[in-house]
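Shown next: work-v8.txt, containing compact mmCIF, C-alpha atoms and all ligand atoms.
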# COMPACT_ATOMS: atom_id res chain seq x y z
CA MET A 1 0.00 0.00 0.00
CA ARG A 2 1.37 3.42 -0.97
CA LYS A 3 0.47 6.43 1.12
CA VAL A 4 -0.80 9.42 -0.89
CA LEU A 5 -1.59 12.95 0.42
CA ASN A 6 -2.05 13.30 4.22
CA ASN A 7 -4.28 10.29 4.67
CA GLY A 8 -4.98 8.61 1.34
CA TYR A 9 -3.48 5.57 -0.30
CA ILE A 10 -3.38 3.47 -3.46
CA ASN A 11 -2.90 -0.26 -3.56
CA LEU A 12 -2.91 -2.71 -6.46
CA VAL A 13 -5.09 -5.55 -5.16
CA GLU A 14 -5.27 -7.70 -8.27
CA SER A 15 -4.06 -7.72 -11.85
CA MET A 16 -3.98 -10.03 -14.83
CA GLY A 17 -2.33 -10.22 -18.21
CA HIS A 18 0.62 -7.86 -17.88
CA ASP A 19 3.17 -7.54 -20.70
CA GLN A 20 2.75 -11.01 -22.12
CA ALA A 21 -1.00 -10.64 -22.65
CA ALA A 22 -0.57 -7.38 -24.59
CA ILE A 23 2.29 -8.84 -26.65
CA ARG A 24 0.37 -12.07 -27.31
CA ASN A 25 -2.76 -10.22 -28.42
CA ALA A 26 -0.82 -7.79 -30.61
CA ARG A 27 1.16 -10.54 -32.30
CA ARG A 28 -2.06 -12.25 -33.38
CA CYS A 29 -2.27 -9.54 -36.07
CA TRP A 30 1.00 -10.75 -37.61
CA ARG A 31 0.45 -14.50 -36.88
CA SER A 32 3.58 -14.48 -34.68
CA VAL A 33 4.58 -15.10 -31.06
CA SER A 34 6.85 -13.31 -28.57
CA LYS A 35 10.33 -12.85 -30.05
CA GLY A 36 12.29 -11.83 -26.95
CA ASP A 37 12.63 -8.66 -24.95
CA GLN A 38 14.03 -6.28 -27.56
CA ALA A 39 11.62 -7.26 -30.31
CA ASP A 40 8.71 -7.11 -27.86
CA ALA A 41 9.72 -3.63 -26.68
CA LYS A 42 9.93 -2.52 -30.31
CA LEU A 43 6.47 -3.92 -30.95
CA ILE A 44 5.03 -2.09 -27.93
CA ARG A 45 6.67 1.12 -29.15
CA HIS A 46 5.06 0.63 -32.53
CA LEU A 47 1.61 0.06 -30.97
CA LEU A 48 1.88 3.22 -28.90
CA LYS A 49 3.06 5.34 -31.83
CA ALA A 50 0.38 3.97 -34.15
CA GLY A 51 -2.43 4.29 -31.59
CA HIS A 52 -3.03 0.53 -31.91
CA LYS A 53 -4.18 0.38 -28.30
CA SER A 54 -6.55 -2.57 -28.11
CA PRO A 55 -3.84 -5.15 -27.19
CA PHE A 56 -3.35 -3.22 -23.91
CA GLU A 57 -6.95 -4.05 -23.03
CA ALA A 58 -5.76 -7.61 -22.31
CA MET A 59 -4.14 -6.30 -19.12
CA VAL A 60 -6.51 -5.60 -16.24
CA PHE A 61 -5.80 -3.97 -12.87
CA THR A 62 -7.89 -3.52 -9.73
CA PHE A 63 -6.78 -0.76 -7.37
CA ASP A 64 -7.98 0.00 -3.86
CA VAL A 65 -8.00 3.79 -3.54
CA LYS A 66 -8.54 6.18 -0.68
CA ALA A 67 -8.78 9.76 -1.93
CA PRO A 68 -10.57 13.04 -1.16
CA LEU A 69 -14.05 13.31 -2.69
CA PHE A 70 -12.95 16.06 -5.09
CA VAL A 71 -10.18 13.81 -6.42
CA ALA A 72 -12.59 10.88 -6.78
CA ARG A 73 -14.97 13.12 -8.69
CA GLN A 74 -12.25 13.89 -11.26
CA TRP A 75 -11.23 10.22 -11.32
CA PHE A 76 -14.77 8.98 -11.99
CA ARG A 77 -14.91 11.07 -15.17
CA HIS A 78 -12.78 8.28 -16.65
CA ARG A 79 -15.66 6.16 -17.88
CA MET A 80 -13.61 3.30 -19.26
CA GLY A 81 -13.28 1.47 -15.96
CA SER A 82 -15.43 0.07 -13.16
CA TYR A 83 -15.92 1.59 -9.75
CA ASN A 84 -17.32 0.49 -6.41
CA GLU A 85 -17.33 3.18 -3.75
CA GLU A 86 -18.10 3.20 -0.05
CA SER A 87 -21.58 4.67 0.37
CA LEU A 88 -22.41 7.46 2.78
CA ARG A 89 -26.05 6.41 2.48
CA TYR A 90 -25.16 3.19 4.29
CA CYS A 91 -21.95 3.99 6.22
CA ILE A 92 -21.36 6.70 8.77
CA ALA A 93 -18.89 9.32 7.55
CA LEU A 94 -15.54 9.06 9.32
CA ARG A 95 -13.84 12.21 10.58
CA ASP A 96 -11.16 11.98 7.94
CA TYR A 97 -10.41 14.84 5.59
CA TYR A 98 -7.71 16.15 3.27
CA VAL A 99 -5.19 18.56 4.76
CA PRO A 100 -2.60 20.06 2.38
CA ASN A 101 0.95 20.23 3.67
CA ASP A 102 1.97 23.44 1.95
CA ILE A 103 -0.29 26.10 3.49
CA SER A 104 0.39 28.68 6.18
CA ASP A 105 -0.26 27.96 9.86
CA GLN A 106 -3.19 30.35 9.80
CA ALA A 107 -4.77 28.70 6.73
CA LEU A 108 -4.21 25.30 8.31
CA GLN A 109 -6.01 26.35 11.48
CA LEU A 110 -8.96 27.75 9.50
CA TRP A 111 -9.03 24.64 7.33
CA LYS A 112 -9.13 22.25 10.28
CA SER A 113 -11.66 24.20 12.31
CA HIS A 114 -14.05 24.37 9.33
CA ASN A 115 -13.81 20.62 8.77
CA GLU A 116 -14.19 19.86 12.48
CA ARG A 117 -17.27 22.09 12.69
CA ALA A 118 -18.79 20.38 9.65
CA PHE A 119 -18.26 16.96 11.22
CA ASN A 120 -19.69 18.19 14.54
CA LEU A 121 -22.81 19.34 12.70
CA TYR A 122 -23.03 16.04 10.78
CA ASP A 123 -22.79 14.03 14.05
CA GLN A 124 -25.41 16.25 15.66
CA LEU A 125 -27.80 15.84 12.72
CA VAL A 126 -27.39 12.05 12.58
CA GLU A 127 -27.15 11.21 16.27
CA GLY A 128 -29.01 14.12 17.90
CA GLU A 129 -31.67 14.96 15.32
CA GLY A 130 -32.07 11.48 13.79
CA LEU A 131 -31.58 12.61 10.19
CA PRO A 132 -30.78 9.84 7.70
CA LYS A 133 -27.08 9.59 6.83
CA GLU A 134 -27.86 10.10 3.16
CA GLN A 135 -29.28 13.55 3.95
CA ALA A 136 -26.91 14.67 6.69
CA ARG A 137 -23.86 14.05 4.49
CA SER A 138 -24.79 17.19 2.54
CA VAL A 139 -23.12 19.33 5.18
CA LEU A 140 -19.72 17.67 4.75
CA PRO A 141 -16.95 19.32 2.69
CA VAL A 142 -15.64 17.94 -0.62
CA GLY A 143 -12.24 17.23 0.96
CA ILE A 144 -13.46 14.27 3.04
CA TYR A 145 -11.89 10.95 2.17
CA THR A 146 -13.71 8.24 0.26
CA LYS A 147 -12.65 4.71 -0.65
CA PHE A 148 -13.28 2.88 -3.91
CA TYR A 149 -12.13 -0.03 -6.00
CA TRP A 150 -11.17 0.79 -9.58
CA THR A 151 -10.90 -1.92 -12.18
CA VAL A 152 -9.36 -0.71 -15.41
CA ASN A 153 -7.73 -2.20 -18.48
CA GLY A 154 -4.25 -1.20 -19.66
CA SER A 155 -5.47 0.97 -22.52
CA ALA A 156 -7.91 3.02 -20.40
CA LEU A 157 -5.24 3.25 -17.70
CA MET A 158 -2.76 4.71 -20.18
CA ASN A 159 -5.37 7.32 -21.14
CA PHE A 160 -5.89 8.15 -17.45
CA LEU A 161 -2.13 8.45 -16.88
CA MET A 162 -1.59 10.57 -19.99
CA LEU A 163 -4.22 13.06 -18.79
CA ARG A 164 -3.57 12.98 -15.06
CA LEU A 165 0.23 13.03 -15.12
CA ASP A 166 0.09 16.15 -17.23
CA THR A 167 1.00 19.42 -15.51
CA HIS A 168 -2.50 20.71 -16.34
CA ALA A 169 -4.02 18.10 -14.03
CA GLN A 170 -4.64 19.08 -10.42
CA ALA A 171 -1.65 18.26 -8.19
CA GLU A 172 -3.82 16.18 -5.82
CA ILE A 173 -4.81 13.69 -8.55
CA ARG A 174 -1.38 13.82 -10.18
CA VAL A 175 0.25 12.32 -7.08
CA TYR A 176 -2.04 9.30 -7.38
CA ALA A 177 -1.21 8.98 -11.10
CA GLU A 178 2.51 9.08 -10.27
CA GLN A 179 2.13 6.21 -7.81
CA ILE A 180 0.04 4.23 -10.30
CA LEU A 181 2.66 4.60 -13.02
CA GLU A 182 5.32 3.26 -10.65
CA ILE A 183 3.12 0.32 -9.62
CA VAL A 184 2.16 -0.77 -13.14
CA THR A 185 5.73 -0.33 -14.38
CA GLU A 186 6.72 -2.92 -11.76
CA VAL A 187 4.13 -5.46 -12.96
CA ALA A 188 4.21 -4.74 -16.73
CA PRO A 189 7.66 -3.17 -17.31
CA VAL A 190 7.86 -3.50 -21.09
CA CYS A 191 4.53 -1.79 -21.78
CA PHE A 192 4.79 0.95 -19.20
CA MET A 193 8.46 1.79 -19.70
CA GLU A 194 7.74 2.23 -23.41
CA PHE A 195 4.59 4.16 -22.50
CA SER A 196 6.65 6.48 -20.27
CA SER A 197 9.23 7.19 -22.95
CA GLU A 198 6.84 7.34 -25.93
CA VAL A 199 3.79 9.05 -24.47
CA ILE A 200 4.60 10.74 -21.16
CA LYS A 201 8.01 12.15 -21.98
CA ALA A 202 7.20 12.80 -25.64
C1 LIG A 301 -6.78 18.83 -16.92
C2 LIG A 301 -8.22 18.40 -17.05
C3 LIG A 301 -9.23 19.30 -16.85
C4 LIG A 301 -10.56 18.91 -16.96
N1 LIG A 301 -11.56 19.83 -16.73
C5 LIG A 301 -12.85 19.46 -16.83
C6 LIG A 301 -13.91 20.40 -16.57
O1 LIG A 301 -13.68 21.54 -16.25
N2 LIG A 301 -15.19 19.97 -16.68
C7 LIG A 301 -15.50 18.69 -17.04
O2 LIG A 301 -16.68 18.37 -17.17
N3 LIG A 301 -14.52 17.77 -17.27
C8 LIG A 301 -13.22 18.12 -17.17
N4 LIG A 301 -12.23 17.19 -17.36
C9 LIG A 301 -12.62 15.78 -17.63
C10 LIG A 301 -12.39 15.42 -19.10
O3 LIG A 301 -13.24 16.16 -19.96
C11 LIG A 301 -12.67 13.90 -19.30
O4 LIG A 301 -14.00 13.63 -18.97
C12 LIG A 301 -11.79 13.04 -18.44
O5 LIG A 301 -10.43 13.46 -18.51
C13 LIG A 301 -11.89 11.58 -18.89
O6 LIG A 301 -11.20 11.45 -20.09
P1 LIG A 301 -11.69 10.46 -21.24
O7 LIG A 301 -13.07 10.79 -21.69
O8 LIG A 301 -10.62 10.41 -22.28
O9 LIG A 301 -11.68 9.04 -20.43
P2 LIG A 301 -12.74 7.86 -20.47
O10 LIG A 301 -14.07 8.33 -20.05
O11 LIG A 301 -12.13 6.74 -19.68
O12 LIG A 301 -12.86 7.48 -21.98
C14 LIG A 301 -11.73 6.87 -22.66
C15 LIG A 301 -11.92 7.12 -24.15
O13 LIG A 301 -13.10 6.43 -24.58
C16 LIG A 301 -13.76 7.22 -25.57
N5 LIG A 301 -15.10 7.57 -25.08
C17 LIG A 301 -15.60 7.38 -23.85
N6 LIG A 301 -16.86 7.78 -23.78
C18 LIG A 301 -17.16 8.29 -24.98
C19 LIG A 301 -18.31 8.90 -25.55
N7 LIG A 301 -19.43 9.09 -24.84
N8 LIG A 301 -18.28 9.27 -26.84
C20 LIG A 301 -17.17 9.10 -27.59
N9 LIG A 301 -16.03 8.55 -27.12
C21 LIG A 301 -16.04 8.14 -25.84
C22 LIG A 301 -12.90 8.45 -25.81
O14 LIG A 301 -12.00 8.17 -26.86
C23 LIG A 301 -12.12 8.57 -24.53
O15 LIG A 301 -10.87 9.25 -24.65
C24 LIG A 301 -10.89 17.56 -17.27
C25 LIG A 301 -9.85 16.64 -17.46
C26 LIG A 301 -8.53 17.04 -17.34
C27 LIG A 301 -7.44 16.01 -17.52
Spit out the file's structure as structure tokens when you get a sec.
Amino acid sequence: MRKVLNNGYINLVESMGHDQAAIRNARRCWRSVSKGDQADAKLIRHLLKAGHKSPFEAMVFTFDVKAPLFVARQWFRHRMGSYNEESLRYCIALRDYYVPNDISDQALQLWKSHNERAFNLYDQLVEGEGLPKEQARSVLPVGIYTKFYWTVNGSALMNFLMLRLDTHAQAEIRVYAEQILEIVTEVAPVCFMEFSSEVIKA
């Protein structure tokens, strides 16, 4: 499990396929089989340059993610993937919220007291006033942490990384993308090293 932001994390819980699945599927086009590391890397490079991305769909990853709600909201815009998120209709919200590490002491104090007050109000509404959790959650800020599983294939993941590693992406989602790139490069080094040099550093 890799820690991200003040209290989030990302963890690869399951994966299948990896390099060999992408190489196998791509080589079907040429009626060939894996020809060793260098030839396979060259093939992956060719696929990335040509936009021949479907062989990467043979790789599948499931991540366990804990991220602020506003990060999850940006993440869920990536439709090519499957999500299951903890529900604040069914679960009580935990007093757990994003705190940036690069703000002044005064901003930090204001930040924390606002979040604490919001959670105090939430607790009062649920426990004191008997409001349903699904309604009371409306008073909570967008920086509270949520947890979800994300299942995504290699092609959709590359699209996510391309967009979310970019300097135009918000820093708080970029740090998750950076961790993901490191994780998938460990499990599928040929595809993601070529992806890094062809697409990310291009
Ligand atoms: C820096 C940045 C700023 C952004 N700002 C905003 C913003 O202000 N407001 C906002 O609403 N969104 C914003 N977005 C979200 C953005 O518009 C995309 O929704 C998000 O990045 C997901 O990208 P995607 O559609 O490529 O991914 P996915 O949804 O995973 O789709 C992958 C690919 O599948 C294809 N596809 C999927 N669905 C369709 C479809 N319905 N029709 C045709 N092709 C489809 C496309 O080729 C797409 O690239 C921002 C994204 C970034 C990275």
**OP:** Write out as a list of chain:residue names each polymer residue whose atoms come within 10 Å of A:Phe195, counting all atoms listed in the file; drop sequence neighbours fewer than 2 positions from it.
**Re:**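 These residues fall inside the cut-off: A:Ile44, A:Arg45, A:Leu47, A:Leu48, A:Lys49, A:Met158, A:Leu161, A:Met162, A:Leu181, A:Thr185, A:Pro189, A:Val190, A:Cys191, A:Phe192, A:Met193, A:Ser197, A:Glu198, A:Val199, A:Ile200, A:Lys201, A:Ala202.
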Selection above as a file: C-alpha atoms, as a PDB file, in the frame of the given file:
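Writing the result to part12.pdb gives the following:
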ATOM      1  CA  ILE A  44       5.030  -2.090 -27.930  1.00  0.00           C
ATOM      2  CA  ARG A  45       6.670   1.120 -29.150  1.00  0.00           C
ATOM      3  CA  LEU A  47       1.610   0.060 -30.970  1.00  0.00           C
ATOM      4  CA  LEU A  48       1.880   3.220 -28.900  1.00  0.00           C
ATOM      5  CA  LYS A  49       3.060   5.340 -31.830  1.00  0.00           C
ATOM      6  CA  MET A 158      -2.760   4.710 -20.180  1.00  0.00           C
ATOM      7  CA  LEU A 161      -2.130   8.450 -16.880  1.00  0.00           C
ATOM      8  CA  MET A 162      -1.590  10.570 -19.990  1.00  0.00           C
ATOM      9  CA  LEU A 181       2.660   4.600 -13.020  1.00  0.00           C
ATOM     10  CA  THR A 185       5.730  -0.330 -14.380  1.00  0.00           C
ATOM     11  CA  PRO A 189       7.660  -3.170 -17.310  1.00  0.00           C
ATOM     12  CA  VAL A 190       7.860  -3.500 -21.090  1.00  0.00           C
ATOM     13  CA  CYS A 191       4.530  -1.790 -21.780  1.00  0.00           C
ATOM     14  CA  PHE A 192       4.790   0.950 -19.200  1.00  0.00           C
ATOM     15  CA  MET A 193       8.460   1.790 -19.700  1.00  0.00           C
ATOM     16  CA  SER A 197       9.230   7.190 -22.950  1.00  0.00           C
ATOM     17  CA  GLU A 198       6.840   7.340 -25.930  1.00  0.00           C
ATOM     18  CA  VAL A 199       3.790   9.050 -24.470  1.00  0.00           C
ATOM     19  CA  ILE A 200       4.600  10.740 -21.160  1.00  0.00           C
ATOM     20  CA  LYS A 201       8.010  12.150 -21.980  1.00  0.00           C
ATOM     21  CA  ALA A 202       7.200  12.800 -25.640  1.00  0.00           C
TER      22      ALA A 202
END
Residues of chain A that have any atom at most 8 Å from an atom of ligand LIG 301 (chain A): could you tabulate them with the shortest-distance atom pair and the distance in Å to one decimal, using only C-alpha atoms and all ligand atoms, ordered by chain and increasing number, as JSON lines?
{"residue": "A:Gln74", "atom": "CA", "partner": "A:LIG301", "partner_atom": "C9", "distance": 6.7}
{"residue": "A:Trp75", "atom": "CA", "partner": "A:LIG301", "partner_atom": "C12", "distance": 7.7}
{"residue": "A:Phe76", "atom": "CA", "partner": "A:LIG301", "partner_atom": "C13", "distance": 7.9}
{"residue": "A:Arg77", "atom": "CA", "partner": "A:LIG301", "partner_atom": "O4", "distance": 4.7}
{"residue": "A:His78", "atom": "CA", "partner": "A:LIG301", "partner_atom": "O11", "distance": 3.5}
{"residue": "A:Arg79", "atom": "CA", "partner": "A:LIG301", "partner_atom": "O10", "distance": 3.5}
{"residue": "A:Met80", "atom": "CA", "partner": "A:LIG301", "partner_atom": "O11", "distance": 3.8}
{"residue": "A:Gly81", "atom": "CA", "partner": "A:LIG301", "partner_atom": "O11", "distance": 6.6}
{"residue": "A:Ala156", "atom": "CA", "partner": "A:LIG301", "partner_atom": "O11", "distance": 5.7}
{"residue": "A:Leu157", "atom": "CA", "partner": "A:LIG301", "partner_atom": "O11", "distance": 8.0}
{"residue": "A:Asn159", "atom": "CA", "partner": "A:LIG301", "partner_atom": "O8", "distance": 6.2}
{"residue": "A:Phe160", "atom": "CA", "partner": "A:LIG301", "partner_atom": "O9", "distance": 6.6}
{"residue": "A:Leu163", "atom": "CA", "partner": "A:LIG301", "partner_atom": "C27", "distance": 4.5}
{"residue": "A:Arg164", "atom": "CA", "partner": "A:LIG301", "partner_atom": "C27", "distance": 5.5}
{"residue": "A:Asp166", "atom": "CA", "partner": "A:LIG301", "partner_atom": "C1", "distance": 7.4}
{"residue": "A:Thr167", "atom": "CA", "partner": "A:LIG301", "partner_atom": "C1", "distance": 7.9}
{"residue": "A:His168", "atom": "CA", "partner": "A:LIG301", "partner_atom": "C1", "distance": 4.7}
{"residue": "A:Ala169", "atom": "CA", "partner": "A:LIG301", "partner_atom": "C1", "distance": 4.1}
{"residue": "A:Gln170", "atom": "CA", "partner": "A:LIG301", "partner_atom": "C1", "distance": 6.8}
Original post:
Could you work out how far atom CA of A:Ala67 lies from atom CA of A:Ile173, giving the answer in Å with one decimal?
Top reply: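 About the pair atom CA of A:Ile173 and atom CA of A:Ala67: they are 8.7 Å apart.
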Subject >> atom CA of A:Ser155 to atom CA of A:Ala39, straight-line distance in Å >> reply: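 Between these atoms lies a distance of 20.5 Å.
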Original post:
When you draw a straight line from atom CA of A:Val184 to atom CA of A:Thr151, how long is it in Å?
Top reply: 13.1 Å
Original post:
Residues at most 9 Å from A:Arg89, counting all atoms listed in the file, excluding those fewer than 3 positions away in the same chain, as number ranges by chain?
Top reply: A: 86, 92, 132-135, 137
Original post:
Which residue gives the smallest distance to A:Tyr9 among A:Ala188, A:Val152, A:Leu121, A:Ile180, with only C-alpha atoms counted?
Top reply: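 Smallest distance to A:Tyr9 is found for A:Ile180.
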Subject >> Within 6 Å of stretch 61-66 of chain A using all atoms listed in the file, minus same-chain residues under 2 positions, as JSON, numbers by chain >> reply: {"A": [8, 9, 10, 11, 12, 13, 14, 15, 146, 147, 148, 149, 150, 151, 152]}
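Look at stretch 52-59 of chain A: the protein and nucleic acid residues within 6 Å of it, using only C-alpha atoms and passing over chain neighbours fewer than 3 places away, are Met16, Gly17, His18, Ala21, Ala22, Asn25, Ala26, Leu47, Asn153, Gly154 and Ser155 of chain A.
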Subject >> Pick from A:Leu94, A:Val142, A:Val4, A:Leu108, whichever lies nearest to A:Tyr122 using only C-alpha atoms >> reply: A:Leu94
Subject >> Shell around stretch 97-103 of chain A at 6 Å using all atoms listed in the file, local window under 3 positions removed, as a count of residues only >> reply: 3
Any chance you could model N, CA and C atoms for stretch 13-44 of chain A and send them as a compact mmCIF listing (two decimals), in the frame of the given file?
# COMPACT_ATOMS: atom_id res chain seq x y z
N VAL A 13 -4.63 -4.34 -5.86
CA VAL A 13 -5.09 -5.55 -5.16
C VAL A 13 -5.08 -6.78 -6.05
N GLU A 14 -5.20 -6.55 -7.36
CA GLU A 14 -5.27 -7.70 -8.27
C GLU A 14 -4.94 -7.22 -9.68
N SER A 15 -4.31 -8.10 -10.45
CA SER A 15 -4.06 -7.72 -11.85
C SER A 15 -3.93 -9.00 -12.67
N MET A 16 -4.16 -8.87 -13.96
CA MET A 16 -3.98 -10.03 -14.83
C MET A 16 -3.44 -9.58 -16.18
N GLY A 17 -2.76 -10.49 -16.85
CA GLY A 17 -2.33 -10.22 -18.21
C GLY A 17 -0.92 -9.72 -18.33
N HIS A 18 -0.71 -8.51 -17.85
CA HIS A 18 0.62 -7.86 -17.88
C HIS A 18 1.18 -7.83 -19.31
N ASP A 19 2.53 -7.71 -19.39
CA ASP A 19 3.17 -7.54 -20.70
C ASP A 19 2.81 -8.66 -21.68
N GLN A 20 2.88 -9.89 -21.18
CA GLN A 20 2.75 -11.01 -22.12
C GLN A 20 1.37 -11.07 -22.78
N ALA A 21 0.35 -10.63 -22.06
CA ALA A 21 -1.00 -10.64 -22.65
C ALA A 21 -1.08 -9.61 -23.77
N ALA A 22 -0.53 -8.42 -23.55
CA ALA A 22 -0.57 -7.38 -24.59
C ALA A 22 0.25 -7.83 -25.81
N ILE A 23 1.42 -8.41 -25.55
CA ILE A 23 2.29 -8.84 -26.65
C ILE A 23 1.63 -9.99 -27.42
N ARG A 24 1.06 -10.93 -26.68
CA ARG A 24 0.37 -12.07 -27.31
C ARG A 24 -0.78 -11.57 -28.21
N ASN A 25 -1.60 -10.69 -27.65
CA ASN A 25 -2.76 -10.22 -28.42
C ASN A 25 -2.32 -9.42 -29.65
N ALA A 26 -1.28 -8.59 -29.47
CA ALA A 26 -0.82 -7.79 -30.61
C ALA A 26 -0.24 -8.68 -31.69
N ARG A 27 0.49 -9.70 -31.29
CA ARG A 27 1.16 -10.54 -32.30
C ARG A 27 0.18 -11.40 -33.09
N ARG A 28 -1.05 -11.53 -32.61
CA ARG A 28 -2.06 -12.25 -33.38
C ARG A 28 -2.25 -11.59 -34.75
N CYS A 29 -2.09 -10.27 -34.80
CA CYS A 29 -2.27 -9.54 -36.07
C CYS A 29 -1.27 -10.01 -37.12
N TRP A 30 -0.07 -10.37 -36.66
CA TRP A 30 1.00 -10.75 -37.61
C TRP A 30 1.22 -12.28 -37.64
N ARG A 31 0.34 -13.04 -37.01
CA ARG A 31 0.45 -14.50 -36.88
C ARG A 31 1.83 -14.90 -36.32
N SER A 32 2.26 -14.18 -35.27
CA SER A 32 3.58 -14.48 -34.68
C SER A 32 3.46 -14.63 -33.17
N VAL A 33 4.56 -14.98 -32.53
CA VAL A 33 4.58 -15.10 -31.06
C VAL A 33 5.75 -14.26 -30.53
N SER A 34 5.82 -14.14 -29.18
CA SER A 34 6.85 -13.31 -28.57
C SER A 34 8.24 -13.67 -29.10
N LYS A 35 9.02 -12.62 -29.44
CA LYS A 35 10.33 -12.85 -30.05
C LYS A 35 11.47 -12.33 -29.17
N GLY A 36 11.23 -12.30 -27.86
CA GLY A 36 12.29 -11.83 -26.95
C GLY A 36 12.12 -10.37 -26.61
N ASP A 37 12.86 -9.97 -25.57
CA ASP A 37 12.63 -8.66 -24.95
C ASP A 37 12.74 -7.48 -25.91
N GLN A 38 13.81 -7.46 -26.70
CA GLN A 38 14.03 -6.28 -27.56
C GLN A 38 12.97 -6.14 -28.63
N ALA A 39 12.65 -7.29 -29.26
CA ALA A 39 11.62 -7.26 -30.31
C ALA A 39 10.26 -6.91 -29.71
N ASP A 40 10.00 -7.42 -28.50
CA ASP A 40 8.71 -7.11 -27.86
C ASP A 40 8.62 -5.63 -27.51
N ALA A 41 9.72 -5.07 -27.01
CA ALA A 41 9.72 -3.63 -26.68
C ALA A 41 9.49 -2.81 -27.95
N LYS A 42 10.10 -3.25 -29.05
CA LYS A 42 9.93 -2.52 -30.31
C LYS A 42 8.47 -2.60 -30.77
N LEU A 43 7.89 -3.76 -30.58
CA LEU A 43 6.47 -3.92 -30.95
C LEU A 43 5.59 -2.98 -30.11
N ILE A 44 5.83 -2.96 -28.80
CA ILE A 44 5.03 -2.09 -27.93
C ILE A 44 5.18 -0.63 -28.35
